[in-house]
Amino acid sequence: MKLALERVGHAFLGRTVLDDVSLALDAHETVAIVGPSGCGKTTLLAIAAGLFDPLSGRVRRAYARHAAVFQEPRLLPWRTARENIGYGLEVRGVRRRERHAIAGRLAEAVALAPEDLDKFPVELSGGMRQRVAFARALAIDPEVVFFDEPFTALDVGLRRALQDLVIGSARERGYAALFVTHDLLEAVRVAHRVIVMAHRGGRLAGMRAVAEVPGARDERTIWQTAEAWRTGDPLFAHVFDVEGRA
Ligand SMILES: Nc1ncnc2c1ncn2[C@@H]1O[C@H](COP(=O)(O)OP(=O)(O)O)[C@@H](O)[C@H]1O
Ligand SMILES: [Mg+2]
């Protein structure tokens with residue numbers, strides 16, 4: 001076990017956002033969290049990542065390093081891609097030469113061209129920026145990675161390419177991941193299991209394991225699984241519209 005939320009509850013301005021949420025993340029496991037907009041996914045992830053404390057319950061962590069990838073890449077505009085990727089290492093006191101070497105290797109891992117490393121965020125496309133943000137997360141060699149709808153702003157083809165990078169890097173590097181998304185197809189593709197949040201009230205509605213492991217599933221099975229859940233599984237009723245999006 002890498003991470004456990006135990007009976008976590010939270011409220012903003014007296015309004016309950018999370019209620020009695022318990023979940024555990026095992027080593028090498030990717031767990032997707034799906035649910036409609038506003039149901040508390042980002043709050044859950046932020047509490048899991050320790051960005052703030054829940055009002056009740058507790059979070060147990062059994063790891064040294066974690067990283068996060070958000071919907072917006074959140075790069076520093078005055079730094080090149082290379083310097084953005086190395087940012088977390090710089091904070092940890094890693095020397096410039098080694099930071100650059102690591103950034104070079106990671107650029108390759110996330111399919112950034114070497115010449116892109118010298119560009120500033122404004123010179124990069126949305127997809128490239130998100131690759132830089134992903135590489136920056138991997139640079140610190142995290143044991144747990146938190147993803148908050150990281151590819152929602154990208155078009156379908158790009159999204160799939162980045163999902164494949166997540167699947168491949170999680171397997172190679174062995175990190176565990178909590179992956180928030182409102183795209184059921186994405187959840188079924190990247191995760192070992194999918195946790196569904198209730199429409200409102202901040203509770204977990206239930207969990208479904210996905211057959212086989214991420215990366216070993218063919219597209220047809222992924223699509224059929226998502227479709228079967230969306231149309232025939234009561235757990236997902238009223239959560240997704242016809243597009244399969246929350
Ligand atoms: N800092 C905050 N202050 C007040 N309300 C908030 C804050 N953050 C989120 N909320 C509210 O909490 C609810 C859950 O938000 P969020 O966790 O962002 O949901 P999701 O990520 O599933 O869309 C929403 O109603 C949102 O408006
Ligand atoms: Mg959110």
# chains A, B, ... in the order shown; residues from 1 in each chain; ligands from 1
>>> closest_atom_pairs(of="chain A", to="ligand 2", cutoff="9 Å", atoms="only C-alpha atoms and all ligand atoms", output="tab-separated table")
residue	atom	partner	partner_atom_place_in_ligand_line	distance
A:Ser37	CA	ligand 2	1 (Mg)	6.7
A:Gly38	CA	ligand 2	1 (Mg)	6.8
A:Cys39	CA	ligand 2	1 (Mg)	8.3
A:Gly40	CA	ligand 2	1 (Mg)	7.0
A:Lys41	CA	ligand 2	1 (Mg)	5.5
A:Thr42	CA	ligand 2	1 (Mg)	4.1
A:Thr43	CA	ligand 2	1 (Mg)	7.4
A:Leu45	CA	ligand 2	1 (Mg)	8.8
A:Gln71	CA	ligand 2	1 (Mg)	8.6
A:Asp148	CA	ligand 2	1 (Mg)	6.7
A:Glu149	CA	ligand 2	1 (Mg)	7.2
A:Val180	CA	ligand 2	1 (Mg)	7.9
A:Thr181	CA	ligand 2	1 (Mg)	8.3
A:His182	CA	ligand 2	1 (Mg)	8.9
>>> residues_near_ligand(ligand="ligand 1", cutoff="12 Å", atoms="only C-alpha atoms and all ligand atoms", output="PyMOL selection string")
chain A and resi 10-19+33-48+51-52+70-71+147-150+179-182+196-204+239+246
>>> select_by_dssp(residues="stretch 29-236 of chain A", states="helix (DSSP H, G or I)", output="PyMOL selection string")
chain A and resi 41-48+81-85+87-91+96-109+114-118+121-123+126-139+156-173+184-190+219-232+234-236
>>> residues_around(residues="A:Gly127", least_positions_apart="4", cutoff="9 Å", atoms="only C-alpha atoms", output="list in words")
Arg131, Val132, Phe151, Ala153, Leu154, Asp155, Leu158, Arg159 and Leu162 of chain A
>>> select_by_dssp(residues="stretch 93-184 of chain A", states="strand (DSSP E or B)", output="list in words")
Val144, Val145, Phe146, Phe147, Asp148, Ala176, Ala177, Leu178, Phe179, Val180 and Asp183 of chain A
>>> closest_residue(among="A:Thr225, A:Thr231, A:Ser125, A:Ser22", to="A:Ala4", atoms="only C-alpha atoms")
A:Ser22
>>> closest_residue(among="A:Leu5, A:Leu106, A:Ala209, A:Leu178", to="A:Arg82", atoms="only C-alpha atoms")
A:Leu106
>>> residues_around(residues="A:Ala103", least_positions_apart="5", cutoff="9 Å", atoms="only C-alpha atoms", output="mmCIF file with N, CA, C and O atoms, in the first residue's frame")
data_model
loop_
_atom_site.group_PDB
_atom_site.id
_atom_site.type_symbol
_atom_site.label_atom_id
_atom_site.label_comp_id
_atom_site.auth_asym_id
_atom_site.auth_seq_id
_atom_site.Cartn_x
_atom_site.Cartn_y
_atom_site.Cartn_z
ATOM 1 N N ALA A 81 11.786 24.711 -21.803
ATOM 2 C CA ALA A 81 11.235 23.394 -21.508
ATOM 3 C C ALA A 81 12.208 22.610 -20.631
ATOM 4 O O ALA A 81 11.819 21.985 -19.641
ATOM 5 N N ARG A 82 13.499 22.663 -20.988
ATOM 6 C CA ARG A 82 14.513 21.933 -20.236
ATOM 7 C C ARG A 82 14.556 22.375 -18.769
ATOM 8 O O ARG A 82 14.585 21.562 -17.855
ATOM 9 N N GLU A 83 14.498 23.685 -18.583
ATOM 10 C CA GLU A 83 14.555 24.221 -17.216
ATOM 11 C C GLU A 83 13.262 23.940 -16.439
ATOM 12 O O GLU A 83 13.291 23.782 -15.223
ATOM 13 N N ASN A 84 12.148 23.872 -17.162
ATOM 14 C CA ASN A 84 10.900 23.495 -16.502
ATOM 15 C C ASN A 84 10.935 22.031 -16.069
ATOM 16 O O ASN A 84 10.524 21.700 -14.958
ATOM 17 N N ILE A 85 11.438 21.165 -16.944
ATOM 18 C CA ILE A 85 11.506 19.743 -16.601
ATOM 19 C C ILE A 85 12.404 19.544 -15.381
ATOM 20 O O ILE A 85 12.123 18.740 -14.503
ATOM 21 N N GLY A 86 13.479 20.329 -15.318
ATOM 22 C CA GLY A 86 14.437 20.171 -14.217
ATOM 23 C C GLY A 86 14.079 20.913 -12.948
ATOM 24 O O GLY A 86 14.811 20.842 -11.953
ATOM 25 N N GLU A 98 23.583 17.648 -14.243
ATOM 26 C CA GLU A 98 22.782 16.429 -14.079
ATOM 27 C C GLU A 98 21.307 16.689 -14.413
ATOM 28 O O GLU A 98 20.643 15.846 -15.017
ATOM 29 N N GLU A 108 12.977 12.486 -24.277
ATOM 30 C CA GLU A 108 12.854 11.343 -25.167
ATOM 31 C C GLU A 108 11.694 10.444 -24.726
ATOM 32 O O GLU A 108 10.894 9.994 -25.536
ATOM 33 N N LEU A 117 13.547 21.369 -26.347
ATOM 34 C CA LEU A 117 14.021 21.602 -24.976
ATOM 35 C C LEU A 117 14.481 23.038 -24.753
ATOM 36 O O LEU A 117 14.461 23.529 -23.630
ATOM 37 N N ALA A 135 6.936 15.297 -18.075
ATOM 38 C CA ALA A 135 8.363 15.017 -17.877
ATOM 39 C C ALA A 135 8.857 15.624 -16.562
ATOM 40 O O ALA A 135 9.647 15.014 -15.837
ATOM 41 N N ARG A 136 8.390 16.819 -16.244
ATOM 42 C CA ARG A 136 8.774 17.462 -14.980
ATOM 43 C C ARG A 136 8.323 16.602 -13.792
ATOM 44 O O ARG A 136 9.052 16.446 -12.803
ATOM 45 N N ALA A 139 10.611 13.601 -13.472
ATOM 46 C CA ALA A 139 12.022 13.909 -13.216
ATOM 47 C C ALA A 139 12.455 13.592 -11.794
ATOM 48 O O ALA A 139 13.600 13.219 -11.557
#
>>> residues_around(residues="A:Leu75", least_positions_apart="6", cutoff="8 Å", atoms="only C-alpha atoms", output="list in words")
Asn84, Pro121, Arg129 and Ala133 of chain A
>>> write_last_selection(atoms="N, CA, C and O atoms", output="PDB file, in the first residue's frame")
ATOM      1  N   ASN A  84      12.148  23.872 -17.162  1.00  0.00           N
ATOM      2  CA  ASN A  84      10.900  23.495 -16.502  1.00  0.00           C
ATOM      3  C   ASN A  84      10.935  22.031 -16.069  1.00  0.00           C
ATOM      4  O   ASN A  84      10.524  21.700 -14.958  1.00  0.00           O
ATOM      5  N   PRO A 121       7.682  27.964 -23.001  1.00  0.00           N
ATOM      6  CA  PRO A 121       6.311  27.446 -23.086  1.00  0.00           C
ATOM      7  C   PRO A 121       5.463  28.115 -24.166  1.00  0.00           C
ATOM      8  O   PRO A 121       4.715  27.443 -24.878  1.00  0.00           O
ATOM      9  N   ARG A 129       3.378  21.268 -24.277  1.00  0.00           N
ATOM     10  CA  ARG A 129       3.460  21.796 -22.904  1.00  0.00           C
ATOM     11  C   ARG A 129       3.077  20.715 -21.901  1.00  0.00           C
ATOM     12  O   ARG A 129       3.691  20.589 -20.848  1.00  0.00           O
ATOM     13  N   ALA A 133       5.144  19.128 -18.810  1.00  0.00           N
ATOM     14  CA  ALA A 133       4.630  19.005 -17.438  1.00  0.00           C
ATOM     15  C   ALA A 133       4.743  17.557 -16.945  1.00  0.00           C
ATOM     16  O   ALA A 133       5.083  17.304 -15.787  1.00  0.00           O
TER      17      ALA A 133
END
>>> atom_distance(atom1="atom CA of A:Ala176", atom2="atom CA of A:Ala111")
21.5 Å
>>> closest_atom_pairs(of="stretch 125-200 of chain A", to="stretch 212-216 of chain A", cutoff="7 Å", atoms="only C-alpha atoms", output="JSON lines")
{"residue": "A:Ile167", "atom": "CA", "partner": "A:Gly215", "partner_atom": "CA", "distance": 6.1}
{"residue": "A:Arg189", "atom": "CA", "partner": "A:Pro214", "partner_atom": "CA", "distance": 6.2}
{"residue": "A:Val190", "atom": "CA", "partner": "A:Pro214", "partner_atom": "CA", "distance": 5.4}
{"residue": "A:Ala191", "atom": "CA", "partner": "A:Pro214", "partner_atom": "CA", "distance": 6.0}
{"residue": "A:His192", "atom": "CA", "partner": "A:Val213", "partner_atom": "CA", "distance": 6.0}
